[in-house]
$ cat my_file-v4.txt   # compact mmCIF, C-alpha atoms
# COMPACT_ATOMS: atom_id res chain seq x y z
CA MET A 1 -11.29 41.56 -9.77
CA ASN A 2 -9.33 40.11 -6.83
CA VAL A 3 -10.22 37.14 -4.65
CA ALA A 4 -11.84 39.24 -1.92
CA ARG A 5 -14.21 40.98 -4.36
CA ALA A 6 -15.09 37.72 -6.06
CA THR A 7 -15.96 36.17 -2.71
CA LEU A 8 -18.06 39.22 -1.87
CA TRP A 9 -20.12 38.83 -5.07
CA VAL A 10 -20.73 35.15 -4.38
CA GLU A 11 -21.82 35.84 -0.79
CA PHE A 12 -24.11 38.61 -2.05
CA GLY A 13 -25.75 36.19 -4.46
CA LYS A 14 -26.30 33.64 -1.68
CA ALA A 15 -27.84 36.24 0.60
CA PHE A 16 -30.07 37.58 -2.16
CA THR A 17 -31.41 34.22 -3.21
CA ALA A 18 -32.00 33.20 0.42
CA THR A 19 -34.50 36.09 0.82
CA GLN A 20 -36.56 34.97 -2.22
CA LYS A 21 -39.15 32.40 -1.18
CA PRO A 22 -40.28 30.01 -3.92
CA SER A 23 -43.90 30.42 -5.01
CA ALA A 24 -44.46 26.66 -4.57
CA PRO A 25 -42.52 23.87 -2.84
CA LEU A 26 -39.95 22.27 -5.13
CA GLY A 27 -39.40 18.57 -5.64
CA ARG A 28 -41.43 15.47 -6.37
CA LYS A 29 -44.24 16.36 -3.90
CA SER A 30 -44.94 19.78 -5.45
CA ARG A 31 -46.83 18.40 -8.44
CA MET A 32 -49.68 16.06 -9.15
CA PRO A 33 -49.22 13.00 -11.35
CA GLY A 34 -48.91 14.10 -14.97
CA GLN A 35 -48.19 17.73 -14.02
CA ALA A 36 -45.02 19.46 -15.28
CA PRO A 37 -42.29 20.16 -12.69
CA ALA A 38 -42.50 23.55 -10.96
CA ARG A 39 -40.12 26.21 -12.30
CA LEU A 40 -37.76 28.22 -10.12
CA PRO A 41 -39.04 31.70 -9.18
CA ARG A 42 -37.98 34.49 -11.53
CA ALA A 43 -35.91 36.35 -8.92
CA TYR A 44 -34.08 33.11 -8.07
CA ARG A 45 -33.29 32.44 -11.73
CA TRP A 46 -32.02 36.01 -12.30
CA ALA A 47 -29.77 35.77 -9.25
CA LEU A 48 -28.23 32.51 -10.42
CA LEU A 49 -27.73 33.92 -13.93
CA TYR A 50 -26.02 37.03 -12.53
CA ILE A 51 -23.65 35.01 -10.34
CA ALA A 52 -22.79 32.70 -13.25
CA THR A 53 -22.09 35.69 -15.53
CA VAL A 54 -19.89 37.50 -13.02
CA GLY A 55 -18.06 34.31 -12.12
CA ALA A 56 -17.30 33.58 -15.78
CA THR A 57 -15.81 37.05 -16.42
CA MET A 58 -13.91 37.71 -13.17
CA GLU A 59 -10.17 37.14 -12.96
CA ILE A 60 -8.66 35.61 -9.85
CA THR A 61 -5.28 37.31 -9.40
CA ASP A 62 -2.32 36.51 -7.16
CA ASN A 63 -1.03 39.67 -5.49
CA ARG A 64 2.16 38.11 -4.16
CA GLU A 65 5.43 39.64 -5.37
CA VAL A 66 7.09 37.95 -8.36
CA THR A 67 10.63 36.93 -7.44
CA HIS A 68 11.78 34.89 -10.48
CA TYR A 69 10.79 34.09 -14.07
CA PHE A 70 11.33 31.00 -16.19
CA VAL A 71 12.52 32.33 -19.53
CA ASP A 72 13.00 30.55 -22.86
CA ALA A 73 16.77 30.58 -23.52
CA GLU A 74 16.32 31.09 -27.29
CA THR A 75 13.38 33.48 -27.56
CA GLY A 76 13.52 35.21 -24.19
CA GLU A 77 9.80 34.58 -23.71
CA ARG A 78 8.57 34.35 -20.12
CA LYS A 79 7.17 30.88 -19.53
CA GLN A 80 6.29 30.83 -15.83
CA GLU A 81 6.46 33.01 -12.73
CA ILE A 82 7.75 32.20 -9.25
CA ARG A 83 6.13 34.27 -6.53
CA GLN A 84 7.08 34.97 -2.96
CA GLY A 85 6.47 31.89 -0.82
CA ASP A 86 6.58 29.40 -3.72
CA ARG A 87 8.83 26.35 -3.32
CA TYR A 88 10.72 25.04 -6.33
CA LYS A 89 13.67 22.89 -7.29
CA ILE A 90 15.74 23.00 -10.48
CA ILE A 91 16.83 19.58 -11.73
CA SER A 92 18.69 18.53 -14.84
CA GLN A 93 17.76 15.99 -17.49
CA ASN A 94 20.67 13.80 -16.35
CA PHE A 95 19.21 13.76 -12.84
CA LEU A 96 15.83 12.64 -14.20
CA GLN A 97 17.45 9.82 -16.16
CA HIS A 98 19.45 8.74 -13.09
CA PHE A 99 16.32 8.90 -10.92
CA ASP A 100 14.30 6.80 -13.37
CA ALA A 101 17.10 4.20 -13.55
CA LYS A 102 17.34 4.05 -9.74
CA ARG A 103 13.57 3.67 -9.39
CA LEU A 104 13.55 0.88 -11.99
CA LYS A 105 16.37 -0.90 -10.12
CA GLN A 106 14.43 -0.68 -6.84
CA LYS A 107 11.29 -1.97 -8.56
CA ASN A 108 13.16 -4.95 -10.00
CA LEU A 109 14.77 -5.65 -6.62
CA LEU A 110 11.37 -5.57 -4.92
CA ARG A 111 9.97 -7.96 -7.52
CA GLU A 112 12.97 -10.27 -7.01
CA TRP A 113 12.50 -10.32 -3.24
CA SER A 114 8.76 -10.97 -3.56
CA GLU A 115 9.21 -13.84 -6.04
CA PHE A 116 11.98 -15.77 -4.26
CA ALA A 117 12.37 -17.21 -0.78
CA LYS A 118 15.90 -17.81 0.49
CA VAL A 119 17.11 -20.51 2.84
CA GLN A 120 19.58 -19.02 5.32
CA GLN A 121 23.18 -20.14 4.86
CA SER A 122 23.44 -20.77 8.61
CA ALA A 123 20.44 -23.13 8.43
CA MET A 124 22.19 -25.67 6.19
CA GLY A 125 24.05 -27.37 9.01
CA VAL A 126 20.93 -27.47 11.17
CA LEU A 127 18.90 -29.04 8.36
CA ALA A 128 21.46 -31.81 8.01
CA GLN A 129 20.80 -32.80 11.62
CA LYS A 130 16.99 -32.79 11.39
CA ALA A 131 15.47 -36.23 10.91
CA LEU A 132 12.28 -35.32 9.05
CA GLY A 133 10.06 -37.76 7.22
CA ALA A 134 8.61 -37.41 3.74
CA SER A 135 5.30 -36.05 5.04
CA GLU A 136 7.03 -33.35 7.09
CA TRP A 137 9.11 -32.19 4.10
CA ALA A 138 6.05 -32.18 1.82
CA VAL A 139 4.01 -30.08 4.24
CA LEU A 140 6.94 -27.74 4.92
CA TRP A 141 7.53 -26.92 1.24
CA VAL A 142 3.81 -26.34 0.60
CA LEU A 143 3.79 -23.84 3.47
CA CYS A 144 6.96 -22.15 2.22
CA GLU A 145 5.42 -21.87 -1.23
CA HIS A 146 2.77 -19.55 0.28
CA LEU A 147 5.16 -17.61 2.50
CA ARG A 148 4.24 -13.93 2.62
CA TYR A 149 6.64 -11.04 2.09
CA ASN A 150 8.61 -9.90 5.18
CA ASP A 151 6.26 -11.02 8.01
CA GLY A 152 6.76 -14.81 7.79
CA LYS A 153 3.04 -15.55 7.61
CA VAL A 154 1.64 -18.27 5.35
CA ARG A 155 -1.24 -16.95 3.25
CA HIS A 156 -2.95 -17.29 -0.11
CA GLY A 157 -2.48 -14.50 -2.62
CA ASN A 158 -5.75 -12.91 -1.47
CA GLY A 159 -4.55 -12.82 2.16
CA ARG A 160 -6.64 -15.74 3.42
CA ARG A 161 -5.15 -18.49 5.55
CA LEU A 162 -4.48 -21.94 4.19
CA SER A 163 -6.82 -24.68 5.31
CA ALA A 164 -5.77 -28.16 6.43
CA VAL A 165 -7.85 -29.56 3.57
CA PHE A 166 -5.87 -27.46 1.06
CA VAL A 167 -2.51 -28.61 2.45
CA ALA A 168 -3.72 -32.23 2.49
CA GLU A 169 -4.78 -32.03 -1.16
CA LYS A 170 -1.49 -30.40 -2.21
CA THR A 171 0.63 -33.01 -0.42
CA GLY A 172 -1.57 -36.05 -1.08
CA ARG A 173 -1.80 -36.75 2.66
CA SER A 174 -4.71 -36.95 5.05
CA ARG A 175 -5.66 -34.07 7.35
CA LYS A 176 -4.54 -36.14 10.33
CA THR A 177 -1.12 -36.64 8.75
CA VAL A 178 -0.88 -32.92 7.97
CA PHE A 179 -1.53 -31.94 11.60
CA ARG A 180 0.93 -34.57 12.84
CA ALA A 181 3.59 -33.26 10.45
CA MET A 182 2.98 -29.63 11.48
CA LYS A 183 3.30 -30.58 15.14
CA THR A 184 6.68 -32.20 14.40
CA LEU A 185 7.79 -29.12 12.42
CA GLN A 186 6.81 -26.87 15.31
CA ASN A 187 8.72 -29.00 17.81
CA GLU A 188 11.80 -28.86 15.56
CA GLY A 189 11.62 -25.05 15.35
CA PHE A 190 10.60 -24.69 11.70
CA LEU A 191 7.33 -22.90 12.37
CA LEU A 192 4.61 -21.89 14.81
CA TYR A 193 1.01 -22.71 14.06
CA LYS A 194 -2.45 -22.61 15.55
CA ALA A 195 -5.60 -24.06 14.02
CA GLN A 196 -8.30 -21.38 13.70
CA LYS A 197 -11.82 -21.38 12.30
CA THR A 198 -10.57 -19.32 9.35
CA GLY A 199 -7.70 -21.72 8.63
CA LEU A 200 -4.15 -22.43 9.75
CA ASP A 201 -2.39 -19.50 11.43
CA VAL A 202 1.22 -20.33 10.48
CA ARG A 203 4.43 -18.33 10.82
CA VAL A 204 7.66 -19.75 9.42
CA ASN A 205 11.02 -19.36 11.16
CA PRO A 206 12.89 -16.55 9.33
CA PHE A 207 16.24 -17.99 10.47
CA PHE A 208 15.38 -21.04 8.39
CA VAL A 209 13.74 -19.48 5.31
CA GLN A 210 13.03 -15.84 4.60
CA LYS A 211 11.09 -13.90 1.98
CA GLY A 212 11.95 -10.23 1.75
CA PRO A 213 14.97 -8.19 2.88
CA PHE A 214 13.78 -7.57 6.45
CA ILE A 215 12.69 -9.61 9.47
CA GLU A 216 10.07 -8.19 11.80
CA ALA A 217 11.14 -7.78 15.43
CA SER A 218 8.17 -9.79 16.71
CA LEU A 219 9.02 -12.63 14.31
CA MET A 220 12.63 -12.67 15.46
CA ALA A 221 11.55 -12.79 19.11
CA ALA A 222 9.13 -15.66 18.46
CA PHE A 223 11.93 -17.91 17.13
CA ALA A 224 14.84 -16.65 19.26
CA GLY A 225 15.19 -19.94 21.14
CA THR A 226 15.44 -22.25 18.13
CA ASP A 227 18.45 -24.08 16.71
CA PHE A 228 18.17 -21.99 13.55
CA TYR A 229 18.51 -18.76 15.52
CA ARG A 230 21.55 -20.01 17.45
CA ALA A 231 23.25 -21.05 14.20
CA PHE A 232 22.40 -17.65 12.67
CA ALA A 233 23.86 -15.85 15.69
CA ARG A 234 27.06 -17.94 15.60
CA GLU A 235 27.59 -17.14 11.93
CA GLY A 236 27.00 -13.46 12.61
CA ARG A 237 29.78 -13.54 15.22
CA GLY A 238 32.08 -15.35 12.78
CA GLU A 239 32.08 -18.64 14.68
CA GLY A 240 32.23 -22.03 13.01
CA LYS A 241 33.23 -20.78 9.55
CA ASN A 242 36.55 -22.63 9.54
CA ASP A 243 35.32 -25.82 11.17
CA THR A 244 36.84 -29.01 9.77
$ encode --input "my_file-v4.txt" --output "structure tokens"
Amino acid sequence: MNVARATLWVEFGKAFTATQKPSAPLGRKSRMPGQAPARLPRAYRWALLYIATVGATMEITDNREVTHYFVDAETGERKQEIRQGDRYKIISQNFLQHFDAKRLKQKNLLREWSEFAKVQQSAMGVLAQKALGASEWAVLWVLCEHLRYNDGKVRHGNGRRLSAVFVAEKTGRSRKTVFRAMKTLQNEGFLLYKAQKTGLDVRVNPFFVQKGPFIEASLMAAFAGTDFYRAFAREGRGEGKNDT
């Protein structure tokens, strides 16, 4: 029986059962407390039984033309058919092994990028000229410890922002000292921050420290006027590499 005939039988069963009205309403309201649930009408039950029987015995066939066969090389047995319109690709075992090795390499690279933050080579000379105090360095490294992958945002592992209380506890400073240090870091081009009700909205300069292989365009634009960006651009043009 093909698909069209099978659909016809199912539609016939639906139409037949729709014409049979139950002898009593079904459901919780159709019976008094302690009374057995109402049974389905006999015609309804026979219709469902007939549809279930036909559906269990019918065969759904594909009438598309067979174009290829997969055949066992040793026995000649047909394993699978390819019909007109099917899409397929033949690959070798060596390709699968190469693909698995490549995927494993990408997975390890992604894990490496997500676990490590890198300080830009061009930022080294700029750092040497920054006169930061102990509190500024302490706050900066706590923020960099929670740097998020690729977008430069500072977040907890669950995506929530850091609070000033959390940074103060991690650094052993007061909240007032933390805010003063963050203001200095912002003025020096290390970061941008804004105090929100949900915590500190902080983005770290990717031309100073970066986590991940890419820098978002909006993040690059936000720090384009900083000393770190200018040093990064000079190194990209090959300037200053042979300074003495």
$ atom_distance --input "my_file-v4.txt" --atom1 "CA of Thr184 (chain A)" --atom2 "CA of Ala131 (chain A)"
10.3 Å
$ residues_around --input "my_file-v4.txt" --residues "Cys144 (chain A)" --least-positions-apart "4" --cutoff "8 Å" --atoms "all atoms listed in the file" --output "ChimeraX atom specification"
/A:117,140,154,204,209
$ write_last_selection --input "my_file-v4.txt" --atoms "C-alpha atoms" --output "PDB file, keeping the file's coordinate frame"
ATOM      1  CA  ALA A 117      12.370 -17.210  -0.780  1.00  0.00           C
ATOM      2  CA  LEU A 140       6.940 -27.740   4.920  1.00  0.00           C
ATOM      3  CA  VAL A 154       1.640 -18.270   5.350  1.00  0.00           C
ATOM      4  CA  VAL A 204       7.660 -19.750   9.420  1.00  0.00           C
ATOM      5  CA  VAL A 209      13.740 -19.480   5.310  1.00  0.00           C
TER       6      VAL A 209
END
$ atom_distance --input "my_file-v4.txt" --atom1 "CA of Ala168 (chain A)" --atom2 "CA of Met220 (chain A)"
28.6 Å
$ closest_residue --input "my_file-v4.txt" --among "A:Ser163, A:Thr171, A:Thr177, A:Ser122" --to "Leu200 (chain A)" --atoms "only C-alpha atoms"
A:Ser163
$ residues_around --input "my_file-v4.txt" --residues "Gly85 (chain A)" --least-positions-apart "2" --cutoff "10 Å" --atoms "all atoms listed in the file" --output "ChimeraX atom specification"
/A:64-67,82-83,87-88
$ write_last_selection --input "my_file-v4.txt" --atoms "C-alpha atoms" --output "compact mmCIF listing (two decimals), in the coordinates of the input"
# COMPACT_ATOMS: atom_id res chain seq x y z
CA ARG A 64 2.16 38.11 -4.16
CA GLU A 65 5.43 39.64 -5.37
CA VAL A 66 7.09 37.95 -8.36
CA THR A 67 10.63 36.93 -7.44
CA ILE A 82 7.75 32.20 -9.25
CA ARG A 83 6.13 34.27 -6.53
CA ARG A 87 8.83 26.35 -3.32
CA TYR A 88 10.72 25.04 -6.33
$ atom_distance --input "my_file-v4.txt" --atom1 "CA of Arg234 (chain A)" --atom2 "CA of Phe208 (chain A)"
14.1 Å
$ closest_residue --input "my_file-v4.txt" --among "A:Arg230, A:Lys183, A:Arg175, A:Arg161" --to "Gly199 (chain A)" --atoms "only C-alpha atoms"
A:Arg161
$ residues_around --input "my_file-v4.txt" --residues "Leu192 (chain A)" --least-positions-apart "3" --cutoff "12 Å" --atoms "all atoms listed in the file" --output "VMD selection string"
chain A and resid 140 143 152 to 154 182 to 189 195 200 to 206 219 222 to 223 226
$ decode --input "my_file-v4.txt" --residues "region 142-200 of chain A" --atoms "C-alpha atoms" --output "mmCIF file, in the first residue's frame"
data_model
loop_
_atom_site.group_PDB
_atom_site.id
_atom_site.type_symbol
_atom_site.label_atom_id
_atom_site.label_comp_id
_atom_site.auth_asym_id
_atom_site.auth_seq_id
_atom_site.Cartn_x
_atom_site.Cartn_y
_atom_site.Cartn_z
ATOM 1 C CA VAL A 142 41.484 40.596 39.708
ATOM 2 C CA LEU A 143 39.514 42.011 36.781
ATOM 3 C CA CYS A 144 41.740 40.263 34.235
ATOM 4 C CA GLU A 145 41.254 36.997 36.106
ATOM 5 C CA HIS A 146 37.532 37.192 35.225
ATOM 6 C CA LEU A 147 38.029 38.382 31.660
ATOM 7 C CA ARG A 148 35.515 36.789 29.309
ATOM 8 C CA TYR A 149 36.326 35.093 26.011
ATOM 9 C CA ASN A 150 36.604 37.412 22.962
ATOM 10 C CA ASP A 151 34.379 40.344 24.049
ATOM 11 C CA GLY A 152 36.621 41.884 26.742
ATOM 12 C CA LYS A 153 33.888 41.914 29.380
ATOM 13 C CA VAL A 154 34.597 41.079 33.021
ATOM 14 C CA ARG A 155 32.129 38.494 34.332
ATOM 15 C CA HIS A 156 31.774 35.593 36.732
ATOM 16 C CA GLY A 157 31.560 32.113 35.262
ATOM 17 C CA ASN A 158 27.751 32.289 35.401
ATOM 18 C CA GLY A 159 27.726 35.523 33.374
ATOM 19 C CA ARG A 160 26.981 37.887 36.264
ATOM 20 C CA ARG A 161 28.931 41.093 36.770
ATOM 21 C CA LEU A 162 31.478 41.465 39.527
ATOM 22 C CA SER A 163 30.473 43.618 42.466
ATOM 23 C CA ALA A 164 32.668 46.232 44.135
ATOM 24 C CA VAL A 165 32.362 44.237 47.360
ATOM 25 C CA PHE A 166 33.733 41.129 45.615
ATOM 26 C CA VAL A 167 36.716 43.019 44.162
ATOM 27 C CA ALA A 168 37.369 44.648 47.554
ATOM 28 C CA GLU A 169 37.392 41.259 49.299
ATOM 29 C CA LYS A 170 39.686 39.720 46.665
ATOM 30 C CA THR A 171 42.196 42.580 46.862
ATOM 31 C CA GLY A 172 41.936 43.282 50.595
ATOM 32 C CA ARG A 173 41.048 46.922 49.896
ATOM 33 C CA SER A 174 38.034 49.024 50.749
ATOM 34 C CA ARG A 175 35.260 49.732 48.238
ATOM 35 C CA LYS A 176 36.356 53.366 48.133
ATOM 36 C CA THR A 177 39.899 52.323 47.231
ATOM 37 C CA VAL A 178 38.579 49.952 44.558
ATOM 38 C CA PHE A 179 36.585 52.716 42.855
ATOM 39 C CA ARG A 180 39.536 55.108 43.069
ATOM 40 C CA ALA A 181 41.820 52.487 41.511
ATOM 41 C CA MET A 182 39.335 51.740 38.712
ATOM 42 C CA LYS A 183 39.043 55.443 37.930
ATOM 43 C CA THR A 184 42.844 55.646 37.605
ATOM 44 C CA LEU A 185 42.886 52.539 35.384
ATOM 45 C CA GLN A 186 40.216 54.050 33.152
ATOM 46 C CA ASN A 187 42.138 57.320 32.838
ATOM 47 C CA GLU A 188 45.271 55.370 31.887
ATOM 48 C CA GLY A 189 43.409 53.452 29.159
ATOM 49 C CA PHE A 190 43.388 49.998 30.768
ATOM 50 C CA LEU A 191 39.619 49.658 30.924
ATOM 51 C CA LEU A 192 36.189 51.256 30.733
ATOM 52 C CA TYR A 193 33.745 50.818 33.571
ATOM 53 C CA LYS A 194 30.380 51.967 34.823
ATOM 54 C CA ALA A 195 28.818 51.139 38.177
ATOM 55 C CA GLN A 196 25.390 49.528 37.710
ATOM 56 C CA LYS A 197 22.814 48.146 40.115
ATOM 57 C CA THR A 198 23.717 44.637 38.951
ATOM 58 C CA GLY A 199 27.448 45.193 39.486
ATOM 59 C CA LEU A 200 30.457 46.656 37.701
#
